[in-house]
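Novice: Attaching a single structure in structure tokens format; questions to follow.
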Amino acid sequence: MSCFYQHTRNTLLANELLLRLQDTISIKIMAGLASPSNSNDQQQLNLPLRDLLETTEDYTNICIPLYTALINGDWESANPFLSKQENLVRCSITENCETALHIAVLAQNTKCVEELLKIMKEDDLELQNKDGNTVLCFAAAAGNRTLAEMLVNANKKLLNIPNEENMMPLYIATLFRKHDTVEYLYDNFPKMVDTDGWTDETRRWVLTECIDTDFCDVALKILNDHPKLGSNEEVLSALARRPKAYDDRDSQFSWRKWLFGEYIYAKQKKKDSDAMQLLRKIWKEVMKMPRDQILSGYSPRVLFVAAEMGNTEFLVELIRQCPDLMWTVNAKKQTIFHVAVSHRHERIYNLLREIGSMKDLITIHVDTEGNNMLHLAGMKSKNNGLHHVRGDIFEMQWELLWFKEVKAMVPFSYREKKNNAGKTPHELFTKNHKELVSRGQRWMNQTATQCIVVATLIATIVFGVAFTIPGGYDQNSGFPTFMGKEIYIAFVISDAIALIFSAASILVFLSVLTSRYDEQDFLKSLPQKLMTGLLTLFLSILTMLVAFSLSFFVLYHSKLIWVPIFISIVAVVPVSLYAIFYGSLLMDVYHALHGYKRIFNFKPKQRLLYQNPKY
């Protein structure tokens with residue numbers, strides 16, 4: 001059974017890789033990112049022999065067993081077939097014209113590939129399947145650097161044999177985001193020279209794909225070897241689309257950015273990323289062009305691509321060297337700052353604070369529909385959900401914060417100005433966020449209702465425990481039996497605290513249910529009530545469990561002390577579960593209440609536009 005499972009798994013993996021290779025190439029061609037050769041220019045494919053496919057007997061007795069052995073990496077079973085027929089390594093064993101080596105590479109079995117290379121001639125490695133893929137194309141798609149090294153060492157010509165769609169192995173490895181293989185293949189290419197079948201177009205494919213897949217280190221090598229490729233608009237557009245490529249430490253230090261703010265985080269960045277080096281190298285060449293050509297050419301187009309993607313570093317670098325670009329407008333007569341407001345990119349918006357009084361001229365700029373910047377803040381975000389927030393109530397709060405922030409930036413006379421549709425900014429905000437308010441209200445009501453039920457159960461339990469104390473009452477005095485013991489006093493206090501916090505939680509969530517749900521309530525009132533309610537509920541659960549554990553210490557303080565100790569340890573589980581399941585929600589609420597001060601940089605400590613740039 002295990003052998004059958006392993007065979008099935010290996011077959012599926014090989015077929016999946018083959019299908020992914022075909023599908024990815026087809027998608028890139030349809031998207032216009034790859035350009036198949038014209039039929040007149042296509043070279044004749046170097047197909048293997050089809051002798052074994054012509055008769056059913058040979059296919060059944062040789063091809064299928066050999067295919068099965070190679071897929072499973074069973075060289076002992078495959079070797080007898082290959083030993084009997086020397087020509088078998090040059091024959092197709094599948095209808096798609098894959099050779100034994102193709103299948104071994106698909107299965108990513110190093111031993112089988114190594115043994116096959118020993119018995120194959122150098123020219124045999126250049127055989128292609130019906131799609132024109134050599135064995136190196138398969139190794140590149142799999143991202144198996146070890147196999148790629150073995151194949152290249154056996155025949156370096158494989159590096160320059162394209163498939164039927166004119167894609168070299170290097171480009172295929174880039175399509176599949178296999179960085180180690182891409183790096184190895186490029187380092188072994190003789191600079192992708194014309195004599196090896198490369199053109200400016202195919203080199204540009206590889207360069208833009210490296211940028212799109214965040215392989216900027218390899219892209220930088222390509223640009224150093226072929227500086228003219230940087231003058232193509234597609235290369236600059238690819239850099240504009242990748243905001244995360246400019247900061248390799250973004251994910252690693254995201255928590256520090258949130259905790260300490262942008263200034264301290266910026267201090268940690270000591271070295272320019274490969275993407276920034278790429279951009280500076282390209283832009284340095286662009287700046288040699290006439291200024292009119294820079295301002296009216298493709299620079300404005302890539303500028304607005306970067307603004308839509310929130311690529312602050314890209315925009316800062318371009319504006320530093322050509323400040324006039326900040327006045328560029330798109331087809332809707334919007335500046336990059338208007339686009340930043342529409343897409344809620346706060347770091348780009350904060351650049352307005354660094355340009356002095358010029359910001360007053362930008363904020364009053366009106367687009368073709370009569371919308372000023374505050375109108376755009378009143379429209380729904382084009383970003384499919386804002387940054388830094390999760391949940392409808394927090395999204396609504398951030399939309400309100402954006403509107404409030406932009407309103408403070410726009411001159412007073414423009415705050416009530418109507419657009420071509422006769423709408424003021426506030427009217428637009430109310431209309432476009434009506435559904436979001438409704439969703440936030442439903443979520444808050446459901447959350448409050450469920451929390452009230454839990455808090456009520458806790459209050460009922462701890463209230464009853466106050467009168468059914470452990471050990472009962474002394475029949476003579478009427479006082480609790482263990483009243484004189486400190487552990488009993490601790491039990492009573494924790495029980496009372498649990499009752500107080502659960503009652504407070506009920507009142508807080510009741511105030512949520514009776515809220516008017518006005519737009520402004522989402523700004524502070526509702527988030528504050530949510531945080532207070534969740535915290536008091538957590539404290540009531542915590543103190544209830546403490547009282548529960550202490551009750552066992554009261555009863556078993558003299559004997560079987562391990563019983564209350566064990567129960568106390570187990571009682572930590574529900575508290576931990578609450579912290580795990582609701583901790584992220586509490587952090588979201590805290591961030592919503594206090595994090596905006598770091599996002600909207602009211603008094604920026606770190607200037608981005610003019611901070612002694614490196615050239």
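In the structure tokens, chains take letters A, B, ... by order of appearance, with residues numbered from 1 within each chain and ligands from 1 in the order shown.
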Can you tell me which residues surround segment 50-60 of chain A at a distance of at most 7 Å, considering only C-alpha atoms, apart from same-chain residues fewer than 6 positions away, and format the answer as a VMD selection string?
Specialist: chain A and resid 91 to 93
Novice: Between A:Cys97, A:Leu560, A:Ala307, A:Ala490, single out the one closest to Asn46 of chain A, counting only C-alpha atoms.
Specialist: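 Answer, going by the shortest atom-to-atom distance: A:Cys97.
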Novice: So which bits of segment 218-420 of chain A end up alpha helix (DSSP H) when you DSSP the backbone, as a PyMOL selection string?
Specialist: chain A and resi 218-225+233-240+254-260+262-268+274-286+291-296+299-309+312-321+336-342+346-349+358-363+373-378+392-409
Novice: So which residues touch Lys380 of chain A within 8 Å, counting only C-alpha atoms, skipping near sequence neighbours fewer than 5 positions away, as a list in words?
Specialist: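 What passes the distance filter is Ser342, Phe429, Asn432 and His433 of chain A.
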Novice: Go ahead and write the residues just picked, all heavy atoms, as a compact mmCIF listing (two decimals), in the first residue's frame.
Specialist:
# COMPACT_ATOMS: atom_id res chain seq x y z
N SER A 342 -7.23 58.90 -2.33
CA SER A 342 -8.24 57.97 -2.86
C SER A 342 -7.92 56.53 -2.47
O SER A 342 -8.83 55.74 -2.22
CB SER A 342 -8.32 58.09 -4.38
OG SER A 342 -8.78 59.36 -4.77
N PHE A 429 -19.34 61.57 1.98
CA PHE A 429 -18.89 60.63 3.00
C PHE A 429 -20.07 59.84 3.56
O PHE A 429 -20.00 58.61 3.69
CB PHE A 429 -18.19 61.39 4.13
CG PHE A 429 -17.58 60.50 5.17
CD1 PHE A 429 -16.28 60.04 5.03
CD2 PHE A 429 -18.31 60.09 6.27
CE1 PHE A 429 -15.72 59.20 5.98
CE2 PHE A 429 -17.76 59.25 7.22
CZ PHE A 429 -16.45 58.80 7.07
N ASN A 432 -21.46 57.33 0.84
CA ASN A 432 -20.58 56.23 0.47
C ASN A 432 -20.27 55.28 1.62
O ASN A 432 -19.76 54.18 1.39
CB ASN A 432 -19.26 56.77 -0.09
CG ASN A 432 -19.44 57.44 -1.44
OD1 ASN A 432 -20.16 56.93 -2.30
ND2 ASN A 432 -18.83 58.59 -1.63
N HIS A 433 -20.55 55.71 2.86
CA HIS A 433 -20.21 54.86 4.01
C HIS A 433 -21.44 54.37 4.76
O HIS A 433 -21.31 53.85 5.87
CB HIS A 433 -19.29 55.63 4.96
CG HIS A 433 -17.95 55.96 4.36
ND1 HIS A 433 -17.74 57.05 3.56
CD2 HIS A 433 -16.76 55.31 4.43
CE1 HIS A 433 -16.48 57.08 3.17
NE2 HIS A 433 -15.86 56.03 3.69
Novice: Using only C-alpha atoms, determine which residues lie at most 7 Å from Ser231 of chain A, disregarding the query and same-chain residues fewer than 2 positions distant; provide the list as a PyMOL selection string.
Specialist: chain A and resi 228-229+233+282+286
Novice: Export N, CA and C atoms of the chosen residues as an mmCIF file, in the first residue's frame?
Specialist:
data_model
loop_
_atom_site.group_PDB
_atom_site.id
_atom_site.type_symbol
_atom_site.label_atom_id
_atom_site.label_comp_id
_atom_site.auth_asym_id
_atom_site.auth_seq_id
_atom_site.Cartn_x
_atom_site.Cartn_y
_atom_site.Cartn_z
ATOM 1 N N LYS A 228 21.215 49.682 -21.168
ATOM 2 C CA LYS A 228 20.185 50.240 -22.056
ATOM 3 C C LYS A 228 18.780 49.731 -21.720
ATOM 4 N N LEU A 229 18.687 48.583 -21.043
ATOM 5 C CA LEU A 229 17.372 48.041 -20.708
ATOM 6 C C LEU A 229 16.610 48.956 -19.754
ATOM 7 N N GLU A 233 10.113 51.743 -20.496
ATOM 8 C CA GLU A 233 9.087 52.134 -19.525
ATOM 9 C C GLU A 233 8.617 50.956 -18.680
ATOM 10 N N ILE A 282 18.562 53.553 -12.906
ATOM 11 C CA ILE A 282 17.693 53.842 -14.055
ATOM 12 C C ILE A 282 17.362 55.327 -14.117
ATOM 13 N N VAL A 286 17.596 58.452 -16.887
ATOM 14 C CA VAL A 286 16.419 59.201 -17.330
ATOM 15 C C VAL A 286 16.648 60.694 -17.175
#
Novice: Arg347 of chain A: which residues within 7 Å, counting only C-alpha atoms, same-chain residues fewer than 3 positions away excluded, as a ChimeraX atom specification?
Specialist: /A:312,350-351
Novice: Can you tell me which residues surround Lys359 of chain A at a distance of at most 12 Å, considering only C-alpha atoms, apart from same-chain residues fewer than 3 positions away, and format the answer as a list in words?
Specialist: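 My list of contacting residues is Met326, Trp327, Thr335, Phe337, His338, Tyr349, Asn350, Leu351, Leu352, Arg353, Glu354, Ile355, Gly356, Ile362, Thr363, Ile364, His365, Met373, Val406, Met409, Val410 and Pro411 of chain A.
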Novice: My list of candidates is A:Gln446, A:Thr543, A:Gln397, A:Thr94. Which is closest to Gln528 of chain A when distances are computed with only C-alpha atoms?
Specialist: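 Result for the nearest residue to Gln528 of chain A: A:Gln397.
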Novice: Leaving out Val316 of chain A and any residue of its chain fewer than 4 positions from it, which residues lie within 8 Å of it when counting only C-alpha atoms, given as a PyMOL selection string?
Specialist: chain A and resi 312+320+608-609
Novice: Those selected residues, please, written with N, CA, C and O atoms and delivered as a PDB file, in the first residue's frame.
Specialist:
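And here's selection_28.pdb as it stands now:
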ATOM      1  N   THR A 312       5.976  54.664  -1.641  1.00  0.00           N
ATOM      2  CA  THR A 312       6.489  55.950  -1.174  1.00  0.00           C
ATOM      3  C   THR A 312       7.951  56.151  -1.553  1.00  0.00           C
ATOM      4  O   THR A 312       8.341  57.234  -2.018  1.00  0.00           O
ATOM      5  N   ARG A 320      12.768  63.858  -5.452  1.00  0.00           N
ATOM      6  CA  ARG A 320      14.007  64.479  -4.983  1.00  0.00           C
ATOM      7  C   ARG A 320      14.813  65.053  -6.139  1.00  0.00           C
ATOM      8  O   ARG A 320      15.353  66.146  -6.062  1.00  0.00           O
ATOM      9  N   LEU A 608      11.407  62.560   4.665  1.00  0.00           N
ATOM     10  CA  LEU A 608      11.671  61.585   3.610  1.00  0.00           C
ATOM     11  C   LEU A 608      12.172  62.232   2.328  1.00  0.00           C
ATOM     12  O   LEU A 608      13.054  61.706   1.662  1.00  0.00           O
ATOM     13  N   LEU A 609      11.608  63.384   1.990  1.00  0.00           N
ATOM     14  CA  LEU A 609      11.931  63.990   0.700  1.00  0.00           C
ATOM     15  C   LEU A 609      13.342  64.571   0.653  1.00  0.00           C
ATOM     16  O   LEU A 609      14.057  64.388  -0.327  1.00  0.00           O
TER      17      LEU A 609
END
Novice: For Asn420 of chain A, which of A:Leu88, A:Val366, A:Ile569, A:Leu593 is the closest residue, counting only C-alpha atoms?
Specialist: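 Among A:Leu88, A:Val366, A:Ile569, A:Leu593, it is A:Val366 that comes nearest to Asn420 of chain A.
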Novice: Between A:Leu136, A:Met531, A:Ile567, A:Leu175, single out the one closest to Gly583 of chain A, counting only C-alpha atoms.
Specialist: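 Selected residue with least distance to Gly583 of chain A: A:Met531.
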Novice: Using only C-alpha atoms, pick whichever of A:Tyr488, A:Phe304, A:Trp283, A:Tyr556 has the shortest atom-to-atom distance to Glu317 of chain A.
Specialist: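 Going through A:Tyr488, A:Phe304, A:Trp283, A:Tyr556 one by one, the smallest distance to Glu317 of chain A is for A:Trp283.
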Novice: In Å to one decimal, how far is atom CA of Pro323 of chain A from atom CA of Pro300 of chain A?
Specialist: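 So the two atoms, atom CA of Pro300 of chain A and atom CA of Pro323 of chain A, lie 12.3 Å apart.
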Novice: Figure out the distance between atom CA of Thr447 of chain A and atom CA of Ile493 of chain A, please, to one decimal in Å.
Specialist: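 Separation of atom CA of Ile493 of chain A and atom CA of Thr447 of chain A: 29.2 Å.
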